[in-house]
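*Asks:* The structure file input-v2.tsv (TSV, C-alpha atoms) is provided below.
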chain	number	residue	atom	x	y	z
J	1004	MET	CA	148.35	59.80	-15.79
J	1005	LYS	CA	147.02	56.33	-16.50
J	1006	LYS	CA	143.26	55.88	-16.06
J	1007	ILE	CA	141.75	52.66	-14.70
J	1008	VAL	CA	138.07	51.79	-14.34
J	1009	TYR	CA	137.23	51.03	-10.72
J	1010	LEU	CA	134.37	49.02	-9.34
J	1011	PHE	CA	132.42	50.77	-6.59
J	1012	ALA	CA	130.78	48.23	-4.33
J	1013	ALA	CA	128.70	49.37	-1.41
J	1014	LEU	CA	127.75	46.36	0.64
J	1015	ALA	CA	124.51	48.24	1.30
J	1016	LEU	CA	123.96	46.93	4.82
J	1017	SER	CA	122.23	43.94	3.42
J	1018	SER	CA	125.36	42.13	2.27
J	1019	CYS	CA	124.21	42.68	-1.34
J	1020	VAL	CA	126.93	44.06	-3.55
J	1021	TYR	CA	126.01	47.11	-5.61
J	1022	PRO	CA	128.72	47.78	-8.21
J	1023	TYR	CA	129.28	51.24	-9.55
J	1024	ASN	CA	131.83	52.05	-12.26
J	1025	VAL	CA	133.71	55.32	-11.91
J	1026	GLU	CA	137.02	56.56	-13.22
J	1027	PHE	CA	139.93	57.14	-10.89
J	1028	THR	CA	143.61	57.34	-11.40
J	1029	GLU	CA	145.50	54.33	-10.14
J	1030	GLU	CA	146.83	56.35	-7.21
J	1031	GLU	CA	143.40	57.73	-6.28
J	1032	GLY	CA	141.71	54.34	-6.33
J	1033	GLU	CA	144.03	52.65	-3.90
J	1034	LYS	CA	142.50	52.02	-0.48
J	1035	THR	CA	139.51	54.30	-1.08
J	1036	LEU	CA	137.17	53.62	1.81
J	1037	VAL	CA	133.44	52.94	1.48
J	1038	ILE	CA	131.29	53.43	4.61
J	1039	ASP	CA	127.73	52.18	4.50
J	1040	ALA	CA	125.85	52.40	7.80
J	1041	ASN	CA	122.28	51.85	8.84
J	1042	ILE	CA	121.66	53.23	12.34
J	1043	LEU	CA	118.23	52.00	13.42
J	1044	LEU	CA	117.32	53.50	16.77
J	1045	GLY	CA	116.09	50.89	19.21
J	1046	ASN	CA	117.35	48.08	16.95
J	1047	THR	CA	120.71	46.54	16.09
J	1048	SER	CA	122.60	48.89	13.77
J	1049	THR	CA	124.96	47.70	11.04
J	1050	ILE	CA	128.06	49.34	9.55
J	1051	VAL	CA	129.89	47.83	6.57
J	1052	LEU	CA	133.36	49.03	5.61
J	1053	SER	CA	135.00	48.14	2.30
J	1054	TYR	CA	137.61	49.34	-0.17
J	1055	LEU	CA	137.49	50.05	-3.88
J	1056	GLU	CA	139.32	47.48	-5.98
J	1057	PRO	CA	140.66	48.03	-9.53
J	1058	LEU	CA	138.68	46.34	-12.29
J	1059	ASP	CA	141.39	45.30	-14.74
J	1060	VAL	CA	140.59	44.08	-18.21
J	1061	GLY	CA	139.74	40.39	-18.22
J	1062	ARG	CA	138.96	39.95	-14.51
J	1063	ARG	CA	136.28	40.94	-12.05
J	1064	GLY	CA	136.87	43.45	-9.32
J	1065	ILE	CA	137.19	42.00	-5.82
J	1066	ILE	CA	135.72	43.65	-2.75
J	1067	TYR	CA	137.76	43.43	0.41
J	1068	ASN	CA	135.04	44.04	2.97
J	1069	ARG	CA	137.08	43.26	6.07
J	1070	VAL	CA	138.41	46.66	7.08
J	1071	GLN	CA	140.06	46.84	10.48
J	1072	GLY	CA	139.13	49.92	12.44
J	1073	ASN	CA	137.48	51.48	15.45
J	1074	VAL	CA	133.85	52.40	14.82
J	1075	TYR	CA	131.46	54.25	17.10
J	1076	LEU	CA	128.34	56.39	17.03
J	1077	GLU	CA	127.98	59.53	19.13
J	1078	ASP	CA	125.16	61.93	19.89
J	1079	ASN	CA	125.34	65.67	20.31
J	1080	THR	CA	125.36	65.34	24.10
J	1081	GLY	CA	128.72	63.56	23.94
J	1082	GLN	CA	127.53	60.02	24.65
J	1083	THR	CA	129.15	57.34	22.49
J	1084	TYR	CA	127.86	53.95	21.35
J	1085	PRO	CA	130.71	51.62	20.34
J	1086	ALA	CA	130.41	49.13	17.48
J	1087	TYR	CA	131.77	45.60	17.71
J	1088	ASP	CA	133.31	43.69	14.84
J	1089	MET	CA	131.41	40.63	13.61
J	1090	TYR	CA	133.58	39.08	10.89
J	1091	GLY	CA	134.14	42.34	9.09
J	1092	VAL	CA	130.67	43.78	9.70
J	1093	TYR	CA	130.35	46.20	12.60
J	1094	ARG	CA	127.25	46.26	14.79
J	1095	ILE	CA	125.93	48.54	17.50
J	1096	ASN	CA	123.62	47.03	20.10
J	1097	PRO	CA	120.14	48.51	20.52
J	1098	PHE	CA	119.98	51.58	22.74
J	1099	SER	CA	117.22	53.96	23.84
J	1100	PRO	CA	117.39	57.12	21.73
J	1101	LYS	CA	117.30	60.53	23.37
J	1102	GLU	CA	114.67	63.07	22.55
J	1103	ASP	CA	115.73	65.52	19.81
J	1104	ALA	CA	119.27	64.09	19.67
J	1105	GLN	CA	121.49	64.22	16.60
J	1106	TYR	CA	123.99	61.52	15.73
J	1107	ARG	CA	127.14	61.05	13.71
J	1108	LEU	CA	129.33	58.06	12.94
J	1109	THR	CA	133.09	57.98	13.38
J	1110	VAL	CA	135.43	55.45	11.77
J	1111	LEU	CA	139.12	55.31	12.70
J	1112	ALA	CA	140.93	53.28	10.03
J	1113	ASP	CA	144.34	53.34	8.36
J	1114	GLY	CA	145.50	56.05	10.75
J	1115	LYS	CA	142.77	58.46	9.61
J	1116	THR	CA	139.48	59.72	11.01
J	1117	TYR	CA	136.33	59.46	8.91
J	1118	ARG	CA	133.02	60.95	9.98
J	1119	SER	CA	129.48	61.38	8.80
J	1120	ASP	CA	127.58	64.65	8.95
J	1121	TRP	CA	125.43	65.24	12.02
J	1122	ILE	CA	122.10	63.56	11.34
J	1123	GLU	CA	118.74	64.24	12.96
J	1124	PRO	CA	116.58	61.09	12.80
J	1125	THR	CA	113.08	61.34	11.43
J	1126	ALA	CA	110.05	59.15	11.97
J	1127	PRO	CA	109.25	56.43	9.43
J	1128	PRO	CA	105.81	56.00	7.90
J	1129	GLU	CA	103.38	53.89	9.90
J	1130	ILE	CA	102.70	50.34	8.76
J	1131	THR	CA	98.91	50.15	8.52
J	1132	ASP	CA	98.50	46.64	7.13
J	1133	ILE	CA	100.22	43.48	5.92
J	1134	ASN	CA	98.10	41.12	3.85
J	1135	PHE	CA	98.56	38.11	1.59
J	1136	THR	CA	97.27	37.39	-1.90
J	1137	ALA	CA	98.05	34.62	-4.39
J	1138	ASP	CA	97.84	33.70	-8.04
J	1139	ASN	CA	98.37	30.30	-9.61
J	1140	ALA	CA	102.08	30.27	-8.87
J	1141	TYR	CA	103.00	32.72	-6.09
J	1142	VAL	CA	101.97	34.08	-2.70
J	1143	TYR	CA	102.47	37.84	-2.36
J	1144	VAL	CA	103.16	39.76	0.84
J	1145	ASN	CA	101.61	43.21	0.46
J	1146	LEU	CA	102.52	46.23	2.56
J	1147	SER	CA	100.44	49.33	3.31
J	1148	LEU	CA	101.94	52.51	4.76
J	1149	ARG	CA	100.69	55.90	5.91
J	1150	ASP	CA	102.71	59.01	6.67
J	1151	ASP	CA	101.38	61.60	9.11
J	1152	GLY	CA	103.27	64.34	7.31
J	1153	GLN	CA	106.49	64.18	9.34
J	1154	GLY	CA	108.31	61.73	7.09
J	1155	SER	CA	110.46	62.39	4.06
J	1156	GLY	CA	108.41	60.53	1.45
J	1157	TYR	CA	111.06	57.81	1.19
J	1158	ALA	CA	111.60	54.66	3.22
J	1159	SER	CA	113.36	51.32	3.31
J	1160	ALA	CA	111.96	47.97	4.42
J	1161	THR	CA	113.23	44.54	5.30
J	1162	PHE	CA	111.73	41.47	6.95
J	1163	GLU	CA	112.17	38.23	8.89
J	1164	GLU	CA	110.20	35.01	8.35
J	1165	ILE	CA	109.29	32.06	10.59
J	1166	TRP	CA	107.30	29.12	9.27
J	1167	LYS	CA	106.28	25.59	10.20
J	1168	PHE	CA	106.92	22.92	7.60
J	1169	HIS	CA	107.04	19.16	7.27
J	1170	ALA	CA	109.57	16.76	5.79
J	1171	ASP	CA	108.88	15.18	2.40
J	1172	PHE	CA	108.16	11.78	3.91
J	1173	MET	CA	107.28	10.18	7.21
J	1174	ARG	CA	109.62	7.24	7.77
J	1175	LEU	CA	107.89	3.84	8.06
J	1176	TYR	CA	110.95	1.55	7.91
J	1177	ARG	CA	114.43	1.20	9.32
J	1178	TYR	CA	117.58	-0.63	8.30
J	1179	ASP	CA	119.00	-3.40	10.52
J	1180	PRO	CA	122.78	-3.68	9.90
J	1181	GLU	CA	123.05	-6.96	11.82
J	1182	THR	CA	120.73	-8.80	9.45
J	1183	ASN	CA	121.23	-6.51	6.44
J	1184	SER	CA	117.50	-6.20	6.13
J	1185	VAL	CA	114.73	-3.60	6.02
J	1186	VAL	CA	112.33	-3.75	8.98
J	1187	MET	CA	108.93	-2.07	9.25
J	1188	LEU	CA	108.57	0.24	12.23
J	1189	MET	CA	105.87	-0.53	14.76
J	1190	PHE	CA	104.80	3.15	14.63
J	1191	PRO	CA	105.58	5.78	11.98
J	1192	ASP	CA	108.61	7.89	12.85
J	1193	ASP	CA	106.96	11.29	13.14
J	1194	LYS	CA	109.27	12.86	15.75
J	1195	HIS	CA	111.11	14.90	13.12
J	1196	TYR	CA	108.30	15.27	10.61
J	1197	TRP	CA	107.21	18.81	11.62
J	1198	CYS	CA	109.76	21.59	12.19
J	1199	TRP	CA	110.14	25.35	12.32
J	1200	LYS	CA	112.45	27.43	10.18
J	1201	LYS	CA	113.57	31.05	10.24
J	1202	SER	CA	114.99	33.33	7.57
J	1203	VAL	CA	116.20	36.94	7.70
J	1204	SER	CA	116.08	38.88	4.45
J	1205	ASN	CA	119.46	40.05	3.18
J	1206	PHE	CA	117.93	42.76	1.02
J	1207	GLN	CA	116.51	46.19	1.75
J	1208	TYR	CA	113.67	47.52	-0.36
J	1209	SER	CA	113.64	51.21	-1.27
J	1210	ILE	CA	110.17	52.81	-1.26
J	1211	ASP	CA	109.20	56.12	-2.84
J	1212	TYR	CA	105.83	57.37	-1.58
J	1213	SER	CA	106.54	61.06	-2.11
J	1214	SER	CA	103.94	61.43	-4.88
J	1215	VAL	CA	101.03	59.51	-3.33
J	1216	ASN	CA	100.07	61.88	-0.50
J	1217	GLY	CA	101.83	59.75	2.10
J	1218	VAL	CA	99.69	56.66	1.51
J	1219	VAL	CA	100.87	53.31	0.11
J	1220	GLU	CA	98.19	50.65	-0.36
J	1221	ASN	CA	98.92	46.94	-0.85
J	1222	MET	CA	102.39	47.32	-2.32
J	1223	PRO	CA	103.82	43.85	-3.16
J	1224	LEU	CA	106.98	43.67	-1.07
J	1225	TYR	CA	107.91	40.00	-1.32
J	1226	ASN	CA	106.70	36.73	-2.81
J	1227	PHE	CA	107.32	33.00	-2.60
J	1228	THR	CA	106.01	30.05	-4.58
J	1229	ARG	CA	102.82	28.30	-3.57
J	1230	THR	CA	104.77	25.03	-3.41
J	1231	SER	CA	107.15	26.55	-0.84
J	1232	PRO	CA	107.26	24.88	2.60
J	1233	ARG	CA	106.20	28.29	3.93
J	1234	ASN	CA	102.65	27.25	3.03
J	1235	HIS	CA	102.59	23.90	4.85
J	1236	GLN	CA	100.90	25.09	8.04
J	1237	GLU	CA	101.82	28.46	9.55
J	1238	TYR	CA	103.82	31.35	8.13
J	1239	ASN	CA	104.83	34.46	10.10
J	1240	ILE	CA	106.53	37.61	8.83
J	1241	ARG	CA	107.82	40.70	10.63
J	1242	ILE	CA	108.39	43.74	8.44
J	1243	LYS	CA	110.54	46.66	9.58
J	1244	VAL	CA	110.35	50.06	7.94
J	1245	TRP	CA	112.58	53.08	8.49
J	1246	ASN	CA	112.95	56.51	6.96
J	1247	LEU	CA	115.34	57.47	4.16
J	1248	THR	CA	116.23	61.04	3.32
J	1249	PRO	CA	115.58	62.07	-0.28
J	1250	GLU	CA	119.35	62.24	-0.81
J	1251	GLN	CA	119.90	58.73	0.51
J	1252	TYR	CA	117.02	57.35	-1.51
J	1253	ARG	CA	118.52	58.79	-4.70
J	1254	TYR	CA	121.93	57.48	-3.67
J	1255	ARG	CA	120.62	53.95	-3.16
J	1256	LYS	CA	118.45	53.96	-6.27
J	1257	MET	CA	121.44	55.09	-8.31
J	1258	LEU	CA	123.44	52.14	-7.03
J	1259	GLU	CA	120.53	49.74	-7.51
J	1260	ASP	CA	119.93	50.96	-11.07
J	1261	ASN	CA	123.62	50.66	-11.83
J	1262	GLU	CA	123.56	47.11	-10.47
J	1263	ARG	CA	120.54	46.24	-12.61
J	1264	ILE	CA	122.09	47.48	-15.86
J	1265	GLY	CA	125.48	46.02	-15.04
J	1266	GLY	CA	127.33	49.32	-14.71
J	1267	ASP	CA	129.21	50.98	-17.57
J	1268	LEU	CA	131.15	54.10	-18.51
J	1269	PHE	CA	127.88	56.03	-18.80
J	1270	SER	CA	127.13	55.52	-15.10
J	1271	PRO	CA	126.58	58.61	-12.90
J	1272	GLU	CA	129.55	60.74	-12.04
J	1273	PRO	CA	131.21	59.85	-8.72
J	1274	GLY	CA	130.42	63.29	-7.31
J	1275	GLU	CA	126.73	62.42	-7.50
J	1276	VAL	CA	127.04	59.48	-5.11
J	1277	ARG	CA	129.60	60.69	-2.58
J	1278	GLY	CA	127.05	60.42	0.23
J	1279	ASN	CA	127.34	62.11	3.63
J	1280	VAL	CA	130.74	60.86	4.83
J	1281	TYR	CA	134.13	62.56	4.65
J	1282	CYS	CA	137.72	62.18	5.81
J	1283	GLU	CA	138.36	64.58	8.66
J	1284	SER	CA	142.12	63.94	8.56
J	1285	ASP	CA	142.43	64.85	4.88
J	1286	GLU	CA	139.64	66.83	3.24
J	1287	THR	CA	141.00	66.01	-0.23
J	1288	GLU	CA	140.71	62.26	0.24
J	1289	LYS	CA	137.84	60.53	-1.54
J	1290	VAL	CA	135.49	58.49	0.63
J	1291	PHE	CA	132.18	57.00	-0.42
J	1292	GLY	CA	129.06	55.74	1.29
J	1293	TYR	CA	126.13	56.86	3.34
J	1294	VAL	CA	125.15	56.85	7.01
J	1295	ASN	CA	121.44	56.72	7.73
J	1296	VAL	CA	119.89	57.31	11.16
J	1297	SER	CA	116.20	56.58	11.62
J	1298	ARG	CA	113.57	55.37	13.99
J	1299	VAL	CA	111.92	52.06	13.07
J	1300	THR	CA	108.35	50.84	12.87
J	1301	MET	CA	107.39	47.19	12.56
J	1302	MET	CA	104.41	44.87	12.24
J	1303	ASP	CA	103.86	41.10	12.32
J	1304	ALA	CA	101.44	39.11	10.19
J	1305	LYS	CA	100.45	35.43	10.07
J	1306	LEU	CA	99.27	33.26	7.19
J	1307	ASP	CA	97.67	29.82	7.42
J	1308	SER	CA	98.00	27.12	4.76
J	1309	ARG	CA	95.18	28.39	2.54
J	1310	TYR	CA	97.51	28.89	-0.44
J	1311	ASP	CA	99.41	25.61	-0.17
J	1312	LEU	CA	99.84	23.95	-3.55
J	1313	TRP	CA	100.79	20.31	-3.06
J	1314	MET	CA	103.50	18.87	-5.25
J	1315	PRO	CA	104.67	15.24	-5.23
J	1316	PRO	CA	107.80	15.01	-3.09
J	1317	LYS	CA	111.14	14.09	-4.57
J	1318	SER	CA	111.43	10.46	-5.60
J	1319	LEU	CA	113.01	7.88	-3.37
J	1320	ILE	CA	115.38	5.34	-4.88
J	1321	ASP	CA	115.19	1.57	-5.16
J	1322	VAL	CA	118.24	0.02	-3.47
J	1323	PRO	CA	119.26	-3.62	-4.19
J	1324	ARG	CA	119.90	-5.63	-1.05
J	1325	ASP	CA	123.62	-6.00	-1.80
J	1326	GLU	CA	123.88	-2.18	-1.64
J	1327	TYR	CA	121.98	-1.75	1.63
J	1328	LEU	CA	125.04	-1.33	3.85
J	1329	MET	CA	126.85	0.95	1.43
J	1330	ARG	CA	123.83	3.23	1.07
J	1331	TYR	CA	123.23	3.23	4.81
J	1332	GLU	CA	126.83	4.25	5.48
J	1333	ASN	CA	126.39	7.09	2.98
J	1334	GLY	CA	123.44	8.57	4.84
J	1335	TYR	CA	120.49	6.79	3.23
J	1336	SER	CA	117.70	5.00	5.06
J	1337	PRO	CA	114.60	3.05	4.02
J	1338	VAL	CA	111.57	5.35	4.16
J	1339	GLU	CA	108.31	4.06	2.66
J	1340	GLN	CA	106.90	1.95	-0.14
J	1341	MET	CA	107.05	3.15	-3.72
J	1342	MET	CA	106.32	1.83	-7.19
J	1343	SER	CA	109.19	0.03	-8.85
J	1344	PRO	CA	109.96	0.33	-12.59
J	1345	ASP	CA	108.51	-3.14	-13.23
J	1346	GLY	CA	105.16	-2.14	-11.72
J	1347	GLY	CA	105.54	-3.77	-8.31
J	1348	THR	CA	106.23	-2.10	-4.96
J	1349	VAL	CA	109.53	-1.75	-3.16
J	1350	VAL	CA	110.74	0.13	-0.12
J	1351	GLY	CA	112.26	3.40	-1.30
J	1352	TRP	CA	115.39	4.82	0.31
J	1353	GLY	CA	116.17	8.49	0.83
J	1354	LEU	CA	118.67	10.81	2.49
J	1355	GLY	CA	117.95	12.06	5.98
J	1356	ARG	CA	116.67	15.45	4.86
J	1357	CYS	CA	113.83	13.65	3.03
J	1358	TYR	CA	112.25	12.42	6.26
J	1359	ASP	CA	114.01	14.42	9.00
J	1360	CYS	CA	113.02	18.09	9.06
J	1361	ILE	CA	115.95	18.92	11.35
J	1362	LEU	CA	118.37	17.66	8.72
J	1363	ALA	CA	116.38	19.78	6.25
J	1364	GLY	CA	117.38	22.87	8.24
J	1365	GLY	CA	114.55	23.09	10.77
J	1366	THR	CA	114.21	23.14	14.56
J	1367	LEU	CA	111.63	21.51	16.79
J	1368	GLU	CA	111.23	24.68	18.87
J	1369	LYS	CA	109.61	27.70	17.29
J	1370	PRO	CA	112.25	30.45	16.91
J	1371	SER	CA	111.57	34.06	17.80
J	1372	PHE	CA	111.98	37.24	15.82
J	1373	ASP	CA	115.09	39.28	16.50
Can you present the structure in this file as structure tokens?

*Replies:*
Amino acid sequence: MKKIVYLFAALALSSCVYPYNVEFTEEEGEKTLVIDANILLGNTSTIVLSYLEPLDVGRRGIIYNRVQGNVYLEDNTGQTYPAYDMYGVYRINPFSPKEDAQYRLTVLADGKTYRSDWIEPTAPPEITDINFTADNAYVYVNLSLRDDGQGSGYASATFEEIWKFHADFMRLYRYDPETNSVVMLMFPDDKHYWCWKKSVSNFQYSIDYSSVNGVVENMPLYNFTRTSPRNHQEYNIRIKVWNLTPEQYRYRKMLEDNERIGGDLFSPEPGEVRGNVYCESDETEKVFGYVNVSRVTMMDAKLDSRYDLWMPPKSLIDVPRDEYLMRYENGYSPVEQMMSPDGGTVVGWGLGRCYDCILAGGTLEKPSFD
């Protein structure tokens, strides 16, 4: 029977693709389902379904992550929590967990029933501190954790960010199409100089604290450059941490390590990463992935502009008068004076995102954490 190398891609709840090379026959590899679910009690839960795709010689494997199906969570009292489809990613709205309940995930797809094992959620380690440090180039977000002895020694973390930033320039001029001239503003245009921006991390960090007596001190979780707009005035971060079982931690680390080395024929055997999901309709059918159920702990932290490292903003351009209208119609506007190549001063022109923080992706109202 002909052998083909297949690419295993778990979309690991974070939309990051973790490839894993295993050997299947051509028949076995077709439509093999991958279920990767992160059930965070009290928070929005995410389930990603995908298929394995053959990796033929000379081309990359393609992951078809839009799997049509019916997905729901249930507890051992019989209550169900349906998932809704958001462009191929299934989500379950936050719900209040029951005391001592167990949970399992069910996926109905391709006329078959797939389930996870029954899972009893465990408590995550407590976040004891979030602090910030910096060197000459980067700001580091450091995380401290403490386990009261009820956790597994393994956890995962992710975060959201909200920061206030300013545009590169404050506009001092405007263009008058009627006279094809540049006119100085009576007052600087500062309405869209300061904005807020929000970002949600698309990566989950695996943490092993099993050998440190349940205490993690000042672990660097994330960093950004000192010239980042995050340092302009106010930076806020919310970190969420949840428990991983030892088996799931090893499962995810195996995929992460395989991603880091690029994956090859010496990768772990497929039986080592089967996870905790199975096909109830056909016990012989291969299905991959992992369903995690955990409570969540979170903490917010705020940083002022103490680590801001100023860098000259991007250069404006000198526009000849006979190009004023053309540049204006292409989104440029006069901004402020700058040095010309001959040593004099001219009014530099720039695109809207140079002086309008909304066009640079910001909002005037401060967003909230999810």

*Asks:* If I take CA of Ser1336 (chain J) and CA of Gly1365 (chain J), how far is one from the other in Å, to one decimal?

*Replies:*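 Taking CA of Ser1336 (chain J) and CA of Gly1365 (chain J), their separation equals 19.2 Å.
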
*Asks:* Looking at all atoms listed in the file, which of J:Trp1166, J:Tyr1054, J:Trp1197, J:Phe1372 is the one that sits closest to Asp1359 (chain J)?

*Replies:*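 When distances to Asp1359 (chain J) are compared using all atoms listed in the file, the smallest one comes from J:Trp1197.
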
*Asks:* Counting only C-alpha atoms, find residues at most 10 Å from (121.8, 43.4, 16.9) (file frame) and give them as a PyMOL selection string.

*Replies:* chain J and resi 1043+1045-1049+1093-1097+1373

*Asks:* Restricting the calculation to all atoms listed in the file: of J:Thr1131, J:Ile1210, J:Tyr1293, J:Arg1177, which residue gets closest to Ile1050 (chain J)?

*Replies:*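 Distance minimum relative to Ile1050 (chain J) lands on J:Tyr1293.
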
*Asks:* List as a PyMOL selection string the protein and nucleic acid residues near Gln1340 (chain J), meaning an atom at most 6 Å away when all atoms listed in the file are counted, but skip any in the same chain fewer than 3 places from it.

*Replies:* chain J and resi 1349-1351

*Asks:* Considering all atoms listed in the file, can you say which of J:Tyr1176, J:Tyr1238, J:Tyr1281, J:Tyr1090 comes closest to Arg1107 (chain J)?

*Replies:*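 Comparing J:Tyr1176, J:Tyr1238, J:Tyr1281, J:Tyr1090 against Arg1107 (chain J), the winner is J:Tyr1281.
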
*Asks:* List the neighbours of Phe1162 (chain J) out to 10 Å using only C-alpha atoms; skip same-chain residues closer than 5 positions along the sequence, and give me the result as a VMD selection string.

*Replies:* chain J and resid 1202 to 1208 1224 to 1225 1240 to 1244 1301 to 1303 1372
